[in-house]
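Data block below; observations after.
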Protein chains: 4
Amino acid sequence: MTRVSEDERAADSTDRVPVLLVRGDREYLVEPGGEQGTDLGVLEVPEDVQSGDTIETHLGDEFQVRRLRGPDLFHHFERTGAPMVPRDIGLVIGETGIAGGDRVLDAGTGTGVLAAMMARAGAEVVTYEQDAEFADVARENMALGGVEDAVDVRTGDVLEDVDALEPSSFDVLTLDTADAPAMVEHAPDLLVDGGFVAVYSPFIESTREVSKTAREVGLSDVTTRETIQREMQFDERGSRPSTAPVGHTGYLTIARNE
Amino acid sequence: MTRVSEDERAADSTDRVPVLLVRGDREYLVEPGGEQGTDLGVLEVPEDVQSGDTIETHLGDEFQVRRLRGPDLFHHFERTGAPMVPRDIGLVIGETGIAGGDRVLDAGTGTGVLAAMMARAGAEVVTYEQDAEFADVARENMALGGVEDAVDVRTGDVLEDVDALEPSSFDVLTLDTADAPAMVEHAPDLLVDGGFVAVYSPFIESTREVSKTAREVGLSDVTTRETIQREMQFDERGSRPSTAPVGHTGYLTIARNE
Amino acid sequence: MTRVSEDERAADSTDRVPVLLVRGDREYLVEPGGEQGTDLGVLEVPEDVQSGDTIETHLGDEFQVRRLRGPDLFHHFERTGAPMVPRDIGLVIGETGIAGGDRVLDAGTGTGVLAAMMARAGAEVVTYEQDAEFADVARENMALGGVEDAVDVRTGDVLEDVDALEPSSFDVLTLDTADAPAMVEHAPDLLVDGGFVAVYSPFIESTREVSKTAREVGLSDVTTRETIQREMQFDERGSRPSTAPVGHTGYLTIARNE
Amino acid sequence: MTRVSEDERAADSTDRVPVLLVRGDREYLVEPGGEQGTDLGVLEVPEDVQSGDTIETHLGDEFQVRRLRGPDLFHHFERTGAPMVPRDIGLVIGETGIAGGDRVLDAGTGTGVLAAMMARAGAEVVTYEQDAEFADVARENMALGGVEDAVDVRTGDVLEDVDALEPSSFDVLTLDTADAPAMVEHAPDLLVDGGFVAVYSPFIESTREVSKTAREVGLSDVTTRETIQREMQFDERGSRPSTAPVGHTGYLTIARNE
């Protein structure tokens, strides 16, 4: 991945990032300078469009311009599978402290929401996706998310590339693949001192294997957590947890290189 | 808050951010150019110190240099109360999509870990703390976290200042105060279209009031969730949730301005 | 309630309790000596029918005879509302130690599954139901459950009858009504020393009121618990909690008279 | 196990069951006709003692007489290990519908609280304990619980005895042993039609094996649930789940023979 200078990134973040055009339930993600057909007419988006502007279709209907936010990615990214939910992405970011200047190695990309949200929080991400078609979709999603310069989507198996990756060159390693344990073995080599691994795995058996491997290769503070969320219901009768709760997504294992 | 140019921030992030000096259990957070006394001798930190360097005390013991990561803030920030835990900070960031370029209004600051982690993910944060001593500690914490230019800690009651805040000037509003409902009333005015409010509240009664107010002032997608986490135990006998689980922290209510 | 002698109860339990006639998905609850029409012909049930017998319809199709078990009540009782689920009935029985010889005061009856299951575990139950039609259905359900002699279904408001109830005459008080707090006030008078109150309430506000009242009237060991259950999924991919978990039912508050 | 006639059991339940003698924090479990030394003097318990009576020590201090309740067993039984908690016993009773007339096969006995509580709800229980000393303690516990005629504590491995047990002679099979899967294989033979197996197991691996075996031998409605309970805290600040919740105990697998 070519390093992006601060100047280029500053330019990106003001010039080329797609914006949301919203009118009631209608919502389009369009690049500055682009054009969008709608059932209410055509929208032409100026190059210098700003959040807060309004744009009229050629038939005179107004749309509001908004900056894209992380949760919007779930609705606008093309899906190649079930993307990690905002809650779990938040847990990865909170537990590893993803921040500006971080270099993250991610596998597998999938829809790419995790990679995009880490990039939006300032990380440079190298992400591996074995399925070539999925990788293509993920690249398009990165462009939609305005993070194509910060996320390098590579087609292939990260395990085959691992020897070519520079040692101690990543701050965080995020894994959402069936063979996560094999990759965890390389974490001590790939991570800087104090770097984190975060592994998301739906099943307990693979989670156990991840935890075991993390301990065996000498990572510290190895912790696996299951997260249960309940939506609360407030109505005139009173307050209670929802009778239709959020289900299991995955176990999250966090470990540190130190 | 004075806007910081991209150049200055780039400079900040390489030049003046404190680094961690680590040797076994010993861990010090020191500014480049600074000096730190330890029981193993004095550490002098060069101005151009880099993550991955090693520094010797004047007695010849080596410390490793690390970049500070978000979870480190919990150990190095001076506490003026129980800080929000990484899990809940992650949930706020994940559900609101905190990212580079965001302007966040936060109340109350407390220890300041949430504000610092949002700043580290690229946000400019204005945060209010009513207790003047706590606010002073928070300012010192922001310096320790290398985000003093991105976080404006204001002493006072945000409700008294609210009329002076520019309308539609914030992307996200984060509240961890007893009078959060009164502040939620102002969310539609203060937030840009598509902006989020996130309210963290330990008790159900205040949470209900927050949810009710959010609906009344016209915010959409008002959702309150309780998060239960269980640490998993893996040993030779088998796998199971911990018999000593993580307890309740707070309810998190998220709503959107649209 | 007229006390039932042990002899009469022994007679009840062998002579008149309905039995289940089962063939594949077909399942009928019939009294000994009774007759049941089915799409496979008529079943005549001998007076001395025993669990384990087989009975043929007049067309020659065999049904197996089974003793009725508690969980069967959920399928065979006529419902006048959502009955308490086996899990919550079990929690009431486990936490209060329902056993042979117990005298239980129950309000409100509803479908009557809790009353029937406590009676089947040996308790004599007086249960109040304000809705006269619901009370009639509950009485029929008690006959179906073979516990009509052990459960006295009374139509009316237990609060209006409370002065007529003999002091210290109940071992356990079970409440599943909106005005449970008012009834908890009488618990110290109605319960024997060491007796229990169990209150099931879906909303937190009424639960709080129940807990507060229990403390105010001097009950001890006042404890409210919320129960979350997750069904586990085991398949060839691995083991995990269900992605479609069991939702909230109610808070259970237990307190003791001592 | 010798069958106990209804007359004998009626006699048991009024004549010989130990009663609790209570004064403030002092609590003794004594048989009718027995004698109990205390720091306040000697208590002589009449043969015809009744719940609600008061008894004076020879020094004139009054104790109240109470019937023993299930939850009291946890405090008065001698422990040979951690007994199953009231919550889990309640779940077993609720999900299997333990009731008068049930014949239950239980392994392993342990402290014997589950066996005693099922007996108190009317079941006749045969329970196996491999450790001879533990079995002796369990027998004494059954006497303390007033259920020595209803619970047959056998020393040994139920798997070695299984061929000698009469087919289709049990209504419910309760297992809390490491080799539960091997015993589940025999469930279809040992249980009556419509009978239940309940297996309590702390670890997911053995739970999975139990579930798999139950399906393989043709049991129906095989369901494993994990139960999470949170104690609620109510104070002047508001209501919330406890910050120190109840931990994991075990997974409960229920299956039916049909």
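Identifiers for the structure tokens are assigned positionally: chains receive A, B, ... in sequence, residues are indexed from 1 per chain, and ligands are indexed from 1 in the order shown.
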Would you write out, as CSV, a table of all residues in chain A that have an atom no more than 7 Å from an atom of chain C, listing for each the closest atom pair and the distance in Å to one decimal, considering only C-alpha atoms and ordering rows by chain and rising residue number?
residue,atom,partner,partner_atom,distance
A:Pro202,CA,C:Arg240,CA,6.8
A:Phe203,CA,C:Arg240,CA,5.2
A:Ile204,CA,C:Ser239,CA,5.6
A:Glu205,CA,C:Gly238,CA,6.1
A:Gly238,CA,C:Phe203,CA,5.4
A:Ser239,CA,C:Phe203,CA,5.3
A:Arg240,CA,C:Phe203,CA,5.2
A:Pro241,CA,C:His248,CA,5.9
A:Ser242,CA,C:His248,CA,6.0
A:Thr243,CA,C:Gly247,CA,4.1
A:Ala244,CA,C:Gly247,CA,5.0
A:Pro245,CA,C:Gly247,CA,5.5
A:Gly247,CA,C:Thr243,CA,4.1
A:His248,CA,C:Thr243,CA,4.6
A:Thr249,CA,C:Thr243,CA,6.7
Take the residues from that selection and put them in a file with N, CA, C and O atoms, as a compact mmCIF listing (two decimals), in the first residue's frame.
# COMPACT_ATOMS: atom_id res chain seq x y z
N PRO A 202 -18.19 -16.56 15.17
CA PRO A 202 -19.55 -16.87 15.63
C PRO A 202 -19.62 -18.12 16.52
O PRO A 202 -20.51 -18.20 17.35
N PHE A 203 -18.71 -19.07 16.34
CA PHE A 203 -18.83 -20.35 17.03
C PHE A 203 -17.82 -20.49 18.15
O PHE A 203 -16.70 -19.98 18.08
N ILE A 204 -18.22 -21.23 19.17
CA ILE A 204 -17.40 -21.34 20.37
C ILE A 204 -16.14 -22.17 20.11
O ILE A 204 -15.08 -21.89 20.66
N GLU A 205 -16.24 -23.16 19.24
CA GLU A 205 -15.08 -24.03 19.02
C GLU A 205 -13.92 -23.24 18.38
O GLU A 205 -12.78 -23.34 18.80
N GLY A 238 -45.31 0.99 31.00
CA GLY A 238 -44.10 0.92 31.80
C GLY A 238 -42.89 0.63 30.94
O GLY A 238 -42.93 0.75 29.71
N SER A 239 -41.80 0.23 31.58
CA SER A 239 -40.51 0.01 30.92
C SER A 239 -40.11 -1.44 31.10
O SER A 239 -40.24 -1.99 32.19
N ARG A 240 -39.57 -2.03 30.05
CA ARG A 240 -39.10 -3.41 30.15
C ARG A 240 -38.17 -3.72 28.99
O ARG A 240 -38.20 -3.05 27.97
N PRO A 241 -37.35 -4.77 29.14
CA PRO A 241 -36.57 -5.22 28.01
C PRO A 241 -37.50 -5.74 26.92
O PRO A 241 -38.61 -6.19 27.22
N SER A 242 -37.06 -5.65 25.71
CA SER A 242 -37.88 -6.11 24.60
C SER A 242 -38.20 -7.59 24.72
O SER A 242 -37.41 -8.39 25.20
N THR A 243 -39.41 -7.92 24.29
CA THR A 243 -39.78 -9.33 24.23
C THR A 243 -39.22 -9.97 22.96
O THR A 243 -39.36 -11.16 22.75
N ALA A 244 -38.57 -9.18 22.12
CA ALA A 244 -37.93 -9.70 20.91
C ALA A 244 -36.50 -9.19 20.86
O ALA A 244 -36.19 -8.24 20.16
N PRO A 245 -35.62 -9.80 21.62
CA PRO A 245 -34.27 -9.26 21.80
C PRO A 245 -33.37 -9.46 20.59
O PRO A 245 -33.70 -10.19 19.66
N GLY A 247 -30.24 -11.03 18.79
CA GLY A 247 -29.66 -12.36 18.93
C GLY A 247 -28.13 -12.34 18.97
O GLY A 247 -27.50 -11.28 18.89
N HIS A 248 -27.57 -13.52 19.09
CA HIS A 248 -26.12 -13.68 19.10
C HIS A 248 -25.55 -13.28 17.75
O HIS A 248 -26.10 -13.60 16.71
N THR A 249 -24.43 -12.58 17.77
CA THR A 249 -23.71 -12.33 16.52
C THR A 249 -22.40 -13.12 16.56
O THR A 249 -22.28 -14.12 15.86
For region 174-180 of chain D, list every protein, DNA or RNA residue within 6 Å, evaluated using only C-alpha atoms, and leave out those in the same chain fewer than 3 positions away; present the list as a list in words.
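Contacts, with the query itself left out: Asp106, Ala107, Gly108, Met183, Val197, Ala198, Val199 and Tyr200 of chain D.
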Contact residues around Gly122 (chain D) with only C-alpha atoms at 8 Å, ignoring same-chain residues under 3 positions, as a VMD selection string
(chain C and resid 99 to 100 121 to 122) or (chain D and resid 98 to 102 118 to 119)
Would you output that residue set with C-alpha atoms, as a compact mmCIF listing (two decimals), in the first residue's frame?
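Dumped to out-v4.txt:
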# COMPACT_ATOMS: atom_id res chain seq x y z
CA ALA C 99 -44.09 -28.96 48.05
CA GLY C 100 -46.66 -31.38 49.42
CA ALA C 121 -46.52 -30.58 43.19
CA GLY C 122 -48.72 -31.11 46.24
CA ILE D 98 -42.25 -32.87 38.42
CA ALA D 99 -45.42 -33.73 40.36
CA GLY D 100 -47.05 -36.17 42.74
CA GLY D 101 -46.70 -39.80 41.64
CA ASP D 102 -43.61 -39.24 39.48
CA MET D 118 -38.32 -33.32 43.71
CA ALA D 119 -39.37 -35.68 46.52
So which residues of region 25-143 of chain C fall under helix (DSSP H, G or I) by DSSP, listed as a PyMOL selection string?
chain C and resi 70-76+86-96+113-120+132-143
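Proximity to Asn257 (chain B) at 8 Å, evaluated using only C-alpha atoms and with sequence-adjacent residues fewer than 3 positions away removed, yields Ala187, Pro188, Leu191, Val192, Asp193, Gly194, Gly195, Phe196, Val197, Gly218, Leu219 and Ser220 of chain B.
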Per residue of region 15-77 of chain C within 9 Å of region 124-146 of chain C, record the nearest atom pair and its distance in Å to one decimal, counting only C-alpha atoms, with rows in chain order and ascending residue number, as JSON lines.
{"residue": "C:Arg16", "atom": "CA", "partner": "C:Gly146", "partner_atom": "CA", "distance": 7.1}
{"residue": "C:Val17", "atom": "CA", "partner": "C:Gly146", "partner_atom": "CA", "distance": 4.5}
{"residue": "C:Pro18", "atom": "CA", "partner": "C:Gly146", "partner_atom": "CA", "distance": 6.1}
{"residue": "C:Leu29", "atom": "CA", "partner": "C:Leu144", "partner_atom": "CA", "distance": 7.3}
{"residue": "C:Val30", "atom": "CA", "partner": "C:Leu144", "partner_atom": "CA", "distance": 8.0}
{"residue": "C:Glu31", "atom": "CA", "partner": "C:Leu144", "partner_atom": "CA", "distance": 8.0}
{"residue": "C:Leu68", "atom": "CA", "partner": "C:Gly145", "partner_atom": "CA", "distance": 7.6}
{"residue": "C:Arg69", "atom": "CA", "partner": "C:Gly145", "partner_atom": "CA", "distance": 8.9}
{"residue": "C:Gly70", "atom": "CA", "partner": "C:Gly145", "partner_atom": "CA", "distance": 8.5}
{"residue": "C:Leu73", "atom": "CA", "partner": "C:Gly145", "partner_atom": "CA", "distance": 6.8}
{"residue": "C:His76", "atom": "CA", "partner": "C:Leu144", "partner_atom": "CA", "distance": 7.9}
{"residue": "C:Phe77", "atom": "CA", "partner": "C:Asn141", "partner_atom": "CA", "distance": 5.5}
Saved selection, atoms kept: C-alpha atoms, as a PDB file, in the first residue's frame:
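The result, written out as selection_17.pdb:
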ATOM      1  CA  ARG C  16     -60.220 -39.571  37.953  1.00  0.00           C
ATOM      2  CA  VAL C  17     -57.242 -37.753  36.477  1.00  0.00           C
ATOM      3  CA  PRO C  18     -57.524 -37.289  32.717  1.00  0.00           C
ATOM      4  CA  LEU C  29     -56.816 -35.338  27.046  1.00  0.00           C
ATOM      5  CA  VAL C  30     -59.666 -37.588  28.220  1.00  0.00           C
ATOM      6  CA  GLU C  31     -61.093 -38.650  31.606  1.00  0.00           C
ATOM      7  CA  LEU C  68     -50.414 -35.956  31.903  1.00  0.00           C
ATOM      8  CA  ARG C  69     -47.262 -33.959  32.714  1.00  0.00           C
ATOM      9  CA  GLY C  70     -47.003 -30.286  33.678  1.00  0.00           C
ATOM     10  CA  LEU C  73     -50.952 -28.251  30.364  1.00  0.00           C
ATOM     11  CA  HIS C  76     -54.288 -28.551  26.497  1.00  0.00           C
ATOM     12  CA  PHE C  77     -55.490 -25.732  28.718  1.00  0.00           C
TER      13      PHE C  77
END
Excluding Gly94 (chain A) and any residue of its chain fewer than 5 positions from it, enumerate the residues within 9 Å of it, using only C-alpha atoms, and give them as a PDB file with N, CA, C and O atoms, in the first residue's frame.
ATOM      1  N   ILE A  89     -18.596  -3.614  15.359  1.00  0.00           N
ATOM      2  CA  ILE A  89     -17.535  -2.741  14.862  1.00  0.00           C
ATOM      3  C   ILE A  89     -17.117  -1.774  15.958  1.00  0.00           C
ATOM      4  O   ILE A  89     -15.917  -1.549  16.194  1.00  0.00           O
TER       5      ILE A  89
ATOM      6  N   GLY B  70      -5.728   3.877  22.492  1.00  0.00           N
ATOM      7  CA  GLY B  70      -6.907   4.262  23.279  1.00  0.00           C
ATOM      8  C   GLY B  70      -7.026   3.540  24.614  1.00  0.00           C
ATOM      9  O   GLY B  70      -7.210   4.174  25.656  1.00  0.00           O
ATOM     10  N   PRO B  71      -6.931   2.194  24.629  1.00  0.00           N
ATOM     11  CA  PRO B  71      -7.087   1.500  25.908  1.00  0.00           C
ATOM     12  C   PRO B  71      -6.035   1.900  26.947  1.00  0.00           C
ATOM     13  O   PRO B  71      -6.260   1.721  28.142  1.00  0.00           O
ATOM     14  N   VAL B  85     -16.222   2.729  30.167  1.00  0.00           N
ATOM     15  CA  VAL B  85     -15.335   1.623  29.804  1.00  0.00           C
ATOM     16  C   VAL B  85     -15.170   1.538  28.279  1.00  0.00           C
ATOM     17  O   VAL B  85     -16.010   2.031  27.531  1.00  0.00           O
ATOM     18  N   PRO B  86     -14.057   0.915  27.800  1.00  0.00           N
ATOM     19  CA  PRO B  86     -13.793   0.830  26.359  1.00  0.00           C
ATOM     20  C   PRO B  86     -14.982   0.262  25.579  1.00  0.00           C
ATOM     21  O   PRO B  86     -15.284   0.710  24.476  1.00  0.00           O
ATOM     22  N   ARG B  87     -15.638  -0.724  26.167  1.00  0.00           N
ATOM     23  CA  ARG B  87     -16.811  -1.309  25.515  1.00  0.00           C
ATOM     24  C   ARG B  87     -17.863  -0.262  25.214  1.00  0.00           C
ATOM     25  O   ARG B  87     -18.387  -0.191  24.084  1.00  0.00           O
ATOM     26  N   ASP B  88     -18.193   0.570  26.183  1.00  0.00           N
ATOM     27  CA  ASP B  88     -19.261   1.547  25.978  1.00  0.00           C
ATOM     28  C   ASP B  88     -18.799   2.676  25.066  1.00  0.00           C
ATOM     29  O   ASP B  88     -19.580   3.195  24.259  1.00  0.00           O
ATOM     30  N   ILE B  89     -17.529   3.055  25.170  1.00  0.00           N
ATOM     31  CA  ILE B  89     -16.985   4.042  24.233  1.00  0.00           C
ATOM     32  C   ILE B  89     -17.053   3.483  22.814  1.00  0.00           C
ATOM     33  O   ILE B  89     -17.456   4.173  21.872  1.00  0.00           O
ATOM     34  N   GLY B  90     -16.692   2.216  22.668  1.00  0.00           N
ATOM     35  CA  GLY B  90     -16.769   1.582  21.360  1.00  0.00           C
ATOM     36  C   GLY B  90     -18.193   1.584  20.827  1.00  0.00           C
ATOM     37  O   GLY B  90     -18.425   1.857  19.639  1.00  0.00           O
ATOM     38  N   LEU B  91     -19.158   1.299  21.690  1.00  0.00           N
ATOM     39  CA  LEU B  91     -20.547   1.292  21.235  1.00  0.00           C
ATOM     40  C   LEU B  91     -20.980   2.680  20.780  1.00  0.00           C
ATOM     41  O   LEU B  91     -21.661   2.826  19.753  1.00  0.00           O
ATOM     42  N   VAL B  92     -20.575   3.722  21.509  1.00  0.00           N
ATOM     43  CA  VAL B  92     -20.900   5.088  21.089  1.00  0.00           C
ATOM     44  C   VAL B  92     -20.283   5.372  19.722  1.00  0.00           C
ATOM     45  O   VAL B  92     -20.954   5.871  18.807  1.00  0.00           O
ATOM     46  N   ILE B  93     -19.012   5.026  19.566  1.00  0.00           N
ATOM     47  CA  ILE B  93     -18.330   5.291  18.296  1.00  0.00           C
ATOM     48  C   ILE B  93     -18.946   4.476  17.157  1.00  0.00           C
ATOM     49  O   ILE B  93     -19.184   4.993  16.062  1.00  0.00           O
ATOM     50  N   GLY B  94     -19.236   3.207  17.426  1.00  0.00           N
ATOM     51  CA  GLY B  94     -19.797   2.345  16.383  1.00  0.00           C
ATOM     52  C   GLY B  94     -21.196   2.767  15.967  1.00  0.00           C
ATOM     53  O   GLY B  94     -21.529   2.781  14.777  1.00  0.00           O
ATOM     54  N   MET B 117     -10.932   9.589  23.128  1.00  0.00           N
ATOM     55  CA  MET B 117     -10.970   8.539  22.108  1.00  0.00           C
ATOM     56  C   MET B 117     -11.687   9.007  20.850  1.00  0.00           C
ATOM     57  O   MET B 117     -11.323   8.619  19.741  1.00  0.00           O
TER      58      MET B 117
END
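Using only C-alpha atoms, the shortest contact distance between Phe74 (chain D) and any of D:Gln229, D:Thr96, D:Thr111, D:Thr213 is found at D:Thr111.
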Between CA of Gln64 (chain A) and CA of Leu114 (chain A) - distance in Å to one decimal
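It comes out at 27.0 Å.
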Pick out the residues sitting within 12 Å of Leu21 (chain D), and hand them over as JSON, numbers by chain; count only C-alpha atoms, and ignore anything fewer than 4 positions along from it in its own chain.
{"C": [193, 194], "D": [25, 26, 27, 28, 29, 30, 31, 32, 34, 35, 36, 37, 38, 42, 43, 44, 45, 49, 50, 51, 52, 53, 54, 55, 56, 57, 61, 62, 63, 64, 65, 66, 67, 68, 72]}
Considering only C-alpha atoms, state which residue in the set A:Thr224, A:Gly110, A:Thr155, A:Leu105 is at the smallest distance from Ser168 (chain A).
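Of the candidates, the smallest distance to Ser168 (chain A) is held by A:Leu105.
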